[in-house]
>>> print(open('final07.cif').read())   # mmCIF, C-alpha atoms and all ligand atoms
data_query
#
loop_
_atom_site.label_atom_id
_atom_site.label_comp_id
_atom_site.auth_asym_id
_atom_site.auth_seq_id
_atom_site.Cartn_x
_atom_site.Cartn_y
_atom_site.Cartn_z
CA MET A 8 10.16 -49.27 18.95
CA ASP A 9 13.15 -48.35 21.13
CA THR A 10 13.64 -44.94 19.54
CA PRO A 11 12.42 -42.37 22.06
CA ALA A 12 9.58 -40.09 20.98
CA LEU A 13 11.85 -37.13 21.75
CA ARG A 14 15.49 -36.88 22.69
CA LEU A 15 17.17 -33.60 23.63
CA GLU A 16 20.95 -33.67 23.46
CA GLY A 17 22.68 -30.76 25.13
CA LEU A 18 20.18 -28.08 24.08
CA THR A 19 21.49 -24.64 24.99
CA LYS A 20 20.06 -21.13 24.51
CA ARG A 21 21.36 -17.69 25.49
CA TYR A 22 19.39 -14.47 25.35
CA GLY A 23 22.09 -11.79 25.25
CA GLY A 24 24.29 -12.56 28.23
CA GLN A 25 21.68 -14.69 29.98
CA LEU A 26 21.84 -18.48 29.78
CA ALA A 27 18.16 -19.49 29.51
CA VAL A 28 18.72 -23.23 28.89
CA ALA A 29 22.01 -24.92 29.71
CA ASP A 30 23.09 -28.22 28.15
CA LEU A 31 19.69 -29.88 28.51
CA HIS A 32 19.59 -33.66 28.01
CA LEU A 33 16.21 -35.35 28.20
CA GLU A 34 14.64 -38.54 26.85
CA VAL A 35 10.89 -38.89 26.44
CA PRO A 36 9.94 -42.57 25.97
CA ARG A 37 7.33 -43.48 23.39
CA GLY A 38 3.89 -43.91 24.88
CA SER A 39 4.68 -41.75 27.91
CA PHE A 40 2.67 -38.86 29.29
CA TYR A 41 5.52 -36.54 30.18
CA GLY A 42 5.20 -33.53 32.49
CA PHE A 43 7.76 -30.79 32.10
CA VAL A 44 7.68 -28.60 35.18
CA GLY A 45 9.62 -25.71 36.64
CA PRO A 46 9.15 -22.31 38.25
CA ASN A 47 8.42 -19.14 36.23
CA GLY A 48 11.32 -18.32 33.97
CA ALA A 49 12.90 -21.77 34.38
CA GLY A 50 13.31 -22.30 30.63
CA LYS A 51 10.35 -24.57 29.82
CA THR A 52 8.99 -22.57 26.88
CA THR A 53 12.51 -21.95 25.55
CA SER A 54 13.29 -25.70 25.73
CA LEU A 55 10.01 -26.80 24.13
CA SER A 56 10.37 -24.15 21.40
CA MET A 57 13.83 -25.47 20.53
CA ALA A 58 12.56 -29.06 20.67
CA THR A 59 9.76 -28.36 18.19
CA GLY A 60 11.62 -26.26 15.64
CA LEU A 61 10.24 -22.87 16.67
CA LEU A 62 13.46 -21.46 18.17
CA ARG A 63 16.94 -22.22 16.89
CA PRO A 64 19.22 -23.56 19.64
CA ASP A 65 22.70 -22.10 20.17
CA GLY A 66 23.91 -25.64 20.75
CA GLY A 67 22.72 -29.24 20.95
CA ARG A 68 20.14 -31.27 19.05
CA ALA A 69 16.50 -32.21 19.27
CA VAL A 70 15.51 -35.56 17.77
CA VAL A 71 11.86 -36.52 17.25
CA GLY A 72 11.16 -40.19 16.49
CA GLY A 73 14.76 -40.51 15.24
CA LEU A 74 14.53 -37.37 13.04
CA ASP A 75 16.68 -34.32 13.76
CA VAL A 76 14.30 -31.37 14.13
CA TRP A 77 16.77 -28.87 12.70
CA GLN A 78 18.38 -31.08 9.99
CA ASP A 79 15.18 -32.72 8.81
CA PRO A 80 12.48 -30.23 9.87
CA ILE A 81 9.68 -31.19 7.48
CA ALA A 82 9.74 -34.91 8.31
CA ALA A 83 10.13 -34.21 12.04
CA LYS A 84 7.27 -31.69 12.09
CA GLN A 85 4.95 -34.11 10.28
CA ILE A 86 4.87 -36.39 13.29
CA MET A 87 4.44 -33.61 15.87
CA GLY A 88 1.50 -31.55 17.00
CA VAL A 89 2.50 -28.40 18.87
CA LEU A 90 0.61 -26.07 21.17
CA ALA A 91 3.02 -23.18 21.57
CA ASP A 92 2.82 -20.59 24.33
CA GLY A 93 2.48 -16.96 23.29
CA VAL A 94 2.57 -17.60 19.53
CA LEU A 95 0.07 -15.51 17.55
CA LEU A 96 -2.78 -17.33 15.85
CA PHE A 97 -4.48 -16.20 12.65
CA ASP A 98 -7.25 -14.83 14.82
CA LYS A 99 -9.30 -13.11 12.11
CA LEU A 100 -10.27 -16.62 11.02
CA THR A 101 -13.20 -18.31 12.71
CA GLY A 102 -12.43 -21.27 14.95
CA GLU A 103 -13.65 -23.65 12.27
CA GLN A 104 -11.53 -21.96 9.59
CA LEU A 105 -8.43 -22.03 11.82
CA VAL A 106 -8.61 -25.79 12.45
CA THR A 107 -9.45 -26.42 8.78
CA TYR A 108 -6.47 -24.30 7.73
CA ALA A 109 -4.17 -26.25 10.10
CA GLY A 110 -5.35 -29.54 8.54
CA LEU A 111 -4.98 -28.31 4.94
CA LEU A 112 -1.48 -26.97 5.70
CA ARG A 113 -0.62 -30.50 6.80
CA GLY A 114 -1.64 -31.78 3.35
CA MET A 115 -4.80 -33.55 4.48
CA ASP A 116 -7.74 -33.93 2.11
CA ARG A 117 -10.71 -31.59 2.56
CA SER A 118 -13.28 -34.19 3.57
CA THR A 119 -11.09 -35.70 6.31
CA VAL A 120 -10.27 -32.20 7.58
CA ALA A 121 -13.98 -31.29 7.65
CA GLU A 122 -14.88 -34.47 9.54
CA ARG A 123 -12.11 -34.08 12.12
CA THR A 124 -12.74 -30.34 12.56
CA GLU A 125 -16.37 -31.06 13.36
CA ASP A 126 -15.35 -33.81 15.84
CA LEU A 127 -12.79 -31.59 17.59
CA LEU A 128 -15.13 -28.60 17.87
CA ARG A 129 -17.87 -30.82 19.31
CA VAL A 130 -15.64 -32.66 21.80
CA LEU A 131 -14.03 -29.41 23.00
CA GLY A 132 -17.40 -27.66 23.40
CA LEU A 133 -16.70 -25.09 20.70
CA GLU A 134 -19.57 -25.90 18.33
CA GLU A 135 -21.45 -22.69 19.06
CA ALA A 136 -18.33 -20.58 18.71
CA ALA A 137 -17.25 -22.32 15.49
CA GLY A 138 -18.35 -19.39 13.30
CA LYS A 139 -16.92 -16.62 15.48
CA PRO A 140 -13.50 -15.06 14.81
CA VAL A 141 -10.85 -16.40 17.17
CA SER A 142 -10.03 -12.79 18.17
CA ASP A 143 -13.41 -12.79 19.99
CA TYR A 144 -12.64 -15.99 21.94
CA SER A 145 -11.88 -16.01 25.68
CA ALA A 146 -8.40 -17.13 26.80
CA GLY A 147 -9.65 -20.66 27.54
CA MET A 148 -11.50 -20.95 24.21
CA THR A 149 -8.37 -19.74 22.40
CA LYS A 150 -6.33 -22.42 24.16
CA LYS A 151 -8.84 -25.08 23.10
CA ILE A 152 -8.94 -24.01 19.45
CA ALA A 153 -5.12 -23.96 19.35
CA LEU A 154 -5.15 -27.47 20.84
CA ALA A 155 -7.62 -28.63 18.17
CA SER A 156 -5.30 -27.18 15.49
CA ALA A 157 -2.38 -29.13 16.99
CA MET A 158 -4.31 -32.43 16.95
CA VAL A 159 -6.16 -32.37 13.63
CA HIS A 160 -3.46 -34.30 11.70
CA ALA A 161 -3.34 -37.07 14.37
CA PRO A 162 0.40 -36.73 15.17
CA GLU A 163 2.47 -39.35 17.02
CA LEU A 164 3.77 -36.77 19.50
CA LEU A 165 1.91 -33.86 21.06
CA VAL A 166 4.01 -31.11 22.64
CA LEU A 167 1.72 -28.86 24.65
CA ASP A 168 2.97 -25.77 26.44
CA GLU A 169 0.56 -25.04 29.34
CA PRO A 170 -2.51 -26.73 27.76
CA PHE A 171 -4.66 -26.28 30.88
CA GLU A 172 -3.91 -22.63 31.54
CA ALA A 173 -7.16 -20.57 31.57
CA VAL A 174 -9.22 -23.69 30.76
CA ASP A 175 -12.28 -24.35 32.97
CA PRO A 176 -12.42 -27.61 35.00
CA VAL A 177 -15.01 -29.28 32.75
CA SER A 178 -12.97 -28.61 29.62
CA ALA A 179 -9.76 -29.57 31.44
CA ARG A 180 -11.32 -32.93 32.23
CA THR A 181 -12.35 -33.37 28.58
CA ILE A 182 -8.86 -32.51 27.38
CA ARG A 183 -7.33 -34.92 29.89
CA GLY A 184 -9.65 -37.65 28.63
CA LEU A 185 -8.59 -36.99 25.03
CA LEU A 186 -4.91 -37.04 25.97
CA ASP A 187 -5.27 -40.18 28.12
CA SER A 188 -6.86 -42.12 25.29
CA PHE A 189 -4.26 -40.78 22.83
CA VAL A 190 -1.51 -42.14 25.12
CA ALA A 191 -3.39 -45.42 25.65
CA SER A 192 -3.41 -45.88 21.85
CA GLY A 193 0.39 -45.51 21.70
CA GLY A 194 0.78 -41.72 21.31
CA THR A 195 3.18 -39.62 23.36
CA VAL A 196 2.29 -36.37 25.13
CA ILE A 197 4.56 -33.75 26.66
CA VAL A 198 2.89 -31.03 28.71
CA SER A 199 4.45 -28.15 30.57
CA SER A 200 2.58 -27.14 33.67
CA HIS A 201 2.89 -25.44 37.04
CA VAL A 202 0.20 -27.58 38.65
CA MET A 203 2.07 -30.36 40.45
CA ASP A 204 -1.02 -32.15 41.63
CA LEU A 205 -2.28 -32.43 38.07
CA VAL A 206 1.09 -33.65 36.81
CA GLN A 207 1.29 -36.25 39.59
CA ARG A 208 -2.18 -37.59 38.75
CA MET A 209 -1.95 -37.36 34.98
CA CYS A 210 1.63 -38.06 33.95
CA SER A 211 3.73 -41.22 33.85
CA HIS A 212 7.03 -39.29 33.68
CA VAL A 213 8.25 -35.90 34.80
CA GLY A 214 11.23 -33.63 34.27
CA ILE A 215 11.95 -30.73 36.64
CA ILE A 216 13.85 -27.74 35.33
CA ALA A 217 15.01 -24.59 37.15
CA GLU A 218 17.29 -21.80 35.96
CA GLY A 219 17.75 -23.62 32.66
CA GLN A 220 19.10 -26.80 34.28
CA LEU A 221 17.43 -30.19 34.53
CA LEU A 222 17.22 -31.06 38.25
CA ALA A 223 15.45 -34.43 38.03
CA ALA A 224 13.83 -36.67 35.42
CA GLY A 225 12.26 -40.11 35.33
CA THR A 226 8.97 -41.76 36.14
CA VAL A 227 6.77 -39.70 38.46
CA ASP A 228 7.30 -42.28 41.23
CA GLU A 229 11.08 -42.20 40.80
CA VAL A 230 11.23 -38.41 40.91
CA ARG A 231 8.89 -37.90 43.84
CA GLY A 232 10.58 -40.67 45.85
CA GLY A 233 7.71 -41.34 48.26
CA GLN A 234 6.77 -37.66 48.78
CA ASP A 235 4.11 -35.81 46.87
CA LEU A 236 5.46 -34.18 43.74
CA GLU A 237 4.87 -30.65 44.99
CA SER A 238 7.00 -31.22 48.12
CA ARG A 239 9.75 -32.77 46.00
CA PHE A 240 9.52 -29.84 43.57
CA VAL A 241 9.87 -27.26 46.37
CA GLU A 242 12.74 -29.28 47.89
CA LEU A 243 14.62 -29.26 44.58
CA VAL A 244 13.79 -25.74 43.45
CA GLY A 245 13.83 -23.94 46.82
CA VAL A 246 11.39 -21.47 48.35
CA GLU A 247 11.09 -18.09 46.65
CA GLY A 248 12.12 -15.10 48.81
CA GLY A 249 12.90 -17.43 51.71
CA GLY A 250 9.22 -17.42 52.80
CA GLU A 251 9.52 -13.74 53.81
CA GLU A 252 6.30 -11.92 54.84
CA LEU A 253 5.22 -8.37 53.94
CA SER A 254 4.55 -6.62 57.22
CA TRP A 255 2.59 -3.79 55.50
CA LEU A 256 0.12 -6.26 54.01
CA ARG A 257 -1.08 -7.47 57.41
CA LEU A 258 -4.41 -6.15 58.69
N1 LIG A 301 12.67 -13.61 23.77
C1 LIG A 301 13.36 -13.49 24.91
N2 LIG A 301 14.31 -12.55 25.06
C2 LIG A 301 15.03 -12.43 26.21
N3 LIG A 301 14.90 -13.26 27.27
C3 LIG A 301 13.98 -14.22 27.18
C4 LIG A 301 13.16 -14.39 26.01
N4 LIG A 301 12.33 -15.45 26.22
C5 LIG A 301 12.60 -15.92 27.46
N5 LIG A 301 13.59 -15.19 28.04
C6 LIG A 301 14.19 -15.43 29.37
O1 LIG A 301 14.63 -16.78 29.41
C7 LIG A 301 14.32 -17.38 30.66
C8 LIG A 301 13.45 -18.61 30.42
O2 LIG A 301 12.18 -18.18 29.94
P1 LIG A 301 11.03 -19.23 29.53
O3 LIG A 301 9.92 -18.45 28.94
O4 LIG A 301 11.64 -20.31 28.72
O5 LIG A 301 10.63 -19.80 30.96
P2 LIG A 301 9.35 -20.71 31.40
O6 LIG A 301 9.89 -21.79 32.26
O7 LIG A 301 8.57 -21.10 30.22
O8 LIG A 301 8.55 -19.66 32.30
P3 LIG A 301 6.97 -19.55 32.67
O9 LIG A 301 6.66 -20.71 33.53
O10 LIG A 301 6.94 -18.27 33.46
O11 LIG A 301 6.21 -19.50 31.39
C9 LIG A 301 13.64 -16.29 31.51
O12 LIG A 301 14.63 -15.73 32.34
C10 LIG A 301 13.16 -15.27 30.48
O13 LIG A 301 13.20 -13.97 31.03
#
>>> encode(input="final07.cif", output="structure tokens", more="lines below")
Ligand SMILES: Nc1ncnc2c1ncn2[C@@H]1O[C@H](COP(=O)(O)OP(=O)(O)OP(=O)(O)O)[C@@H](O)[C@H]1O
Amino acid sequence: MDTPALRLEGLTKRYGGQLAVADLHLEVPRGSFYGFVGPNGAGKTTSLSMATGLLRPDGGRAVVGGLDVWQDPIAAKQIMGVLADGVLLFDKLTGEQLVTYAGLLRGMDRSTVAERTEDLLRVLGLEEAAGKPVSDYSAGMTKKIALASAMVHAPELLVLDEPFEAVDPVSARTIRGLLDSFVASGGTVIVSSHVMDLVQRMCSHVGIIAEGQLLAAGTVDEVRGGQDLESRFVELVGVEGGGEELSWLRL
């Protein structure tokens, strides 16, 4: 029970000469709802991709439920559900086919996959679009079908890169409800987000990253230290462009 859901030990990634993630150490306790936040280009997607076996690190380890993601990838990936950012989907499939395919790839039997696919499409409001190719989905619908594909095998750990991006407020509330009850039942969720208010309300823990370095991590209350999370975030990360105004944009 003490094994963390995810432990990152010194993860490092360079793109050419640029250090995108530098010696990242992070522990995500089991049963936590963990927000991973940082400004654009901070290294969130790079870190989560290395943590989930999508991008090979230059250094360090990622350990999921005690299993090394790069030494023991099949076992580690069995207990994870991943919503990756910017990864192509098989979008000539219909939404229903895509979720079914995700379940069958996970080795689930057809009847369980069919039952869960129907449940997910209904709960996420995609019943009517179930028979349409995913290439015809809006950005928010695409996000929801990718989320359904990540959840169909009922993993222990969900790693979701920007799950609320482009999603309307009603669907966002539904997704939050699903994730809250998943966490209440003992699951662990990691979400990356730019929306501090949402992270403050939704998450139990938070990690703040900027320029590839972890600036703060802990429970939301520990990290925000009596301020709201957005103020703490700006304090740690700094103001972009020094708050400079554009004189030519003034009317
Ligand atoms: N495939 C790539 N090749 C070269 N550089 C990359 C690549 N992917 C990311 N980078 C660089 O690595 C850094 C971290 O990018 P990353 O996408 O991890 O940031 P992020 O925190 O997810 O950003 P955002 O919030 O804007 O999605 C950025 O400077 C980015 O330009």
>>> residues_around(input="final07.cif", residues="Ala137 in chain A", least_positions_apart="3", cutoff="12 Å", atoms="all atoms listed in the file", output="VMD selection string")
chain A and resid 100 to 107 124 to 129 131 to 134 140 to 141 143 to 144 148 to 149 151 to 152 155
>>> write_last_selection(input="final07.cif", atoms="C-alpha atoms", output="PDB file, keeping the file's coordinate frame")
ATOM      1  CA  LEU A 100     -10.270 -16.620  11.020  1.00  0.00           C
ATOM      2  CA  THR A 101     -13.200 -18.310  12.710  1.00  0.00           C
ATOM      3  CA  GLY A 102     -12.430 -21.270  14.950  1.00  0.00           C
ATOM      4  CA  GLU A 103     -13.650 -23.650  12.270  1.00  0.00           C
ATOM      5  CA  GLN A 104     -11.530 -21.960   9.590  1.00  0.00           C
ATOM      6  CA  LEU A 105      -8.430 -22.030  11.820  1.00  0.00           C
ATOM      7  CA  VAL A 106      -8.610 -25.790  12.450  1.00  0.00           C
ATOM      8  CA  THR A 107      -9.450 -26.420   8.780  1.00  0.00           C
ATOM      9  CA  THR A 124     -12.740 -30.340  12.560  1.00  0.00           C
ATOM     10  CA  GLU A 125     -16.370 -31.060  13.360  1.00  0.00           C
ATOM     11  CA  ASP A 126     -15.350 -33.810  15.840  1.00  0.00           C
ATOM     12  CA  LEU A 127     -12.790 -31.590  17.590  1.00  0.00           C
ATOM     13  CA  LEU A 128     -15.130 -28.600  17.870  1.00  0.00           C
ATOM     14  CA  ARG A 129     -17.870 -30.820  19.310  1.00  0.00           C
ATOM     15  CA  LEU A 131     -14.030 -29.410  23.000  1.00  0.00           C
ATOM     16  CA  GLY A 132     -17.400 -27.660  23.400  1.00  0.00           C
ATOM     17  CA  LEU A 133     -16.700 -25.090  20.700  1.00  0.00           C
ATOM     18  CA  GLU A 134     -19.570 -25.900  18.330  1.00  0.00           C
ATOM     19  CA  PRO A 140     -13.500 -15.060  14.810  1.00  0.00           C
ATOM     20  CA  VAL A 141     -10.850 -16.400  17.170  1.00  0.00           C
ATOM     21  CA  ASP A 143     -13.410 -12.790  19.990  1.00  0.00           C
ATOM     22  CA  TYR A 144     -12.640 -15.990  21.940  1.00  0.00           C
ATOM     23  CA  MET A 148     -11.500 -20.950  24.210  1.00  0.00           C
ATOM     24  CA  THR A 149      -8.370 -19.740  22.400  1.00  0.00           C
ATOM     25  CA  LYS A 151      -8.840 -25.080  23.100  1.00  0.00           C
ATOM     26  CA  ILE A 152      -8.940 -24.010  19.450  1.00  0.00           C
ATOM     27  CA  ALA A 155      -7.620 -28.630  18.170  1.00  0.00           C
TER      28      ALA A 155
END
>>> closest_atom_pairs(input="final07.cif", of="chain A", to="ligand LIG 301 (chain A)", cutoff="10 Å", atoms="all atoms listed in the file", output="Markdown table")
| residue | atom | partner | partner_atom | distance |
| --- | --- | --- | --- | --- |
| A:Lys20 | CA | A:LIG301 | O1 | 8.5 |
| A:Arg21 | CA | A:LIG301 | O1 | 7.8 |
| A:Tyr22 | CA | A:LIG301 | C2 | 4.9 |
| A:Gly23 | CA | A:LIG301 | C2 | 7.2 |
| A:Gly24 | CA | A:LIG301 | N3 | 9.5 |
| A:Gln25 | CA | A:LIG301 | O1 | 7.4 |
| A:Leu26 | CA | A:LIG301 | O1 | 7.4 |
| A:Ala27 | CA | A:LIG301 | O1 | 4.5 |
| A:Val28 | CA | A:LIG301 | C8 | 7.2 |
| A:Phe43 | CA | A:LIG301 | O6 | 9.2 |
| A:Val44 | CA | A:LIG301 | O6 | 7.7 |
| A:Gly45 | CA | A:LIG301 | O6 | 5.9 |
| A:Pro46 | CA | A:LIG301 | O9 | 5.6 |
| A:Asn47 | CA | A:LIG301 | O10 | 3.3 |
| A:Gly48 | CA | A:LIG301 | O5 | 3.4 |
| A:Ala49 | CA | A:LIG301 | O6 | 3.7 |
| A:Gly50 | CA | A:LIG301 | O4 | 3.2 |
| A:Lys51 | CA | A:LIG301 | O6 | 3.7 |
| A:Thr52 | CA | A:LIG301 | O7 | 3.7 |
| A:Thr53 | CA | A:LIG301 | O4 | 3.7 |
| A:Ser54 | CA | A:LIG301 | O4 | 6.4 |
| A:Leu55 | CA | A:LIG301 | O4 | 8.1 |
| A:Ser56 | CA | A:LIG301 | O4 | 8.4 |
| A:Met57 | CA | A:LIG301 | O4 | 9.9 |
| A:Leu62 | CA | A:LIG301 | N1 | 9.7 |
| A:Asp92 | CA | A:LIG301 | O11 | 7.9 |
| A:Gly93 | CA | A:LIG301 | O11 | 9.3 |
| A:Asp168 | CA | A:LIG301 | O7 | 8.2 |
| A:Glu169 | CA | A:LIG301 | O11 | 8.2 |
| A:Ser199 | CA | A:LIG301 | O7 | 8.2 |
| A:Ser200 | CA | A:LIG301 | O9 | 7.6 |
| A:His201 | CA | A:LIG301 | O9 | 7.0 |
| A:Ile216 | CA | A:LIG301 | O6 | 7.8 |
| A:Ala217 | CA | A:LIG301 | O6 | 7.6 |
| A:Glu218 | CA | A:LIG301 | C8 | 7.5 |
| A:Gly219 | CA | A:LIG301 | C8 | 7.0 |
>>> atom_distance(input="final07.cif", atom1="CA of Val89 in chain A", atom2="CA of Thr195 in chain A")
12.1 Å
>>> atom_distance(input="final07.cif", atom1="CA of Val241 in chain A", atom2="CA of Leu90 in chain A")
26.9 Å
>>> closest_residue(input="final07.cif", among="A:Ala83, A:Val130, A:Trp255, A:Ala91", to="Ala179 in chain A", atoms="only C-alpha atoms")
A:Val130
>>> atom_distance(input="final07.cif", atom1="CA of Gly60 in chain A", atom2="CA of Phe171 in chain A")
22.3 Å
>>> closest_residue(input="final07.cif", among="A:Asp79, A:Arg68, A:Leu221, A:Gly42", to="Met203 in chain A", atoms="only C-alpha atoms")
A:Gly42
>>> closest_residue(input="final07.cif", among="A:Leu95, A:Leu185, A:Ala173, A:Leu236", to="Gln207 in chain A", atoms="all atoms listed in the file")
A:Leu236
>>> closest_residue(input="final07.cif", among="A:Gly72, A:Gly225, A:Gly232, A:Pro11", to="Cys210 in chain A", atoms="only C-alpha atoms")
A:Gly225
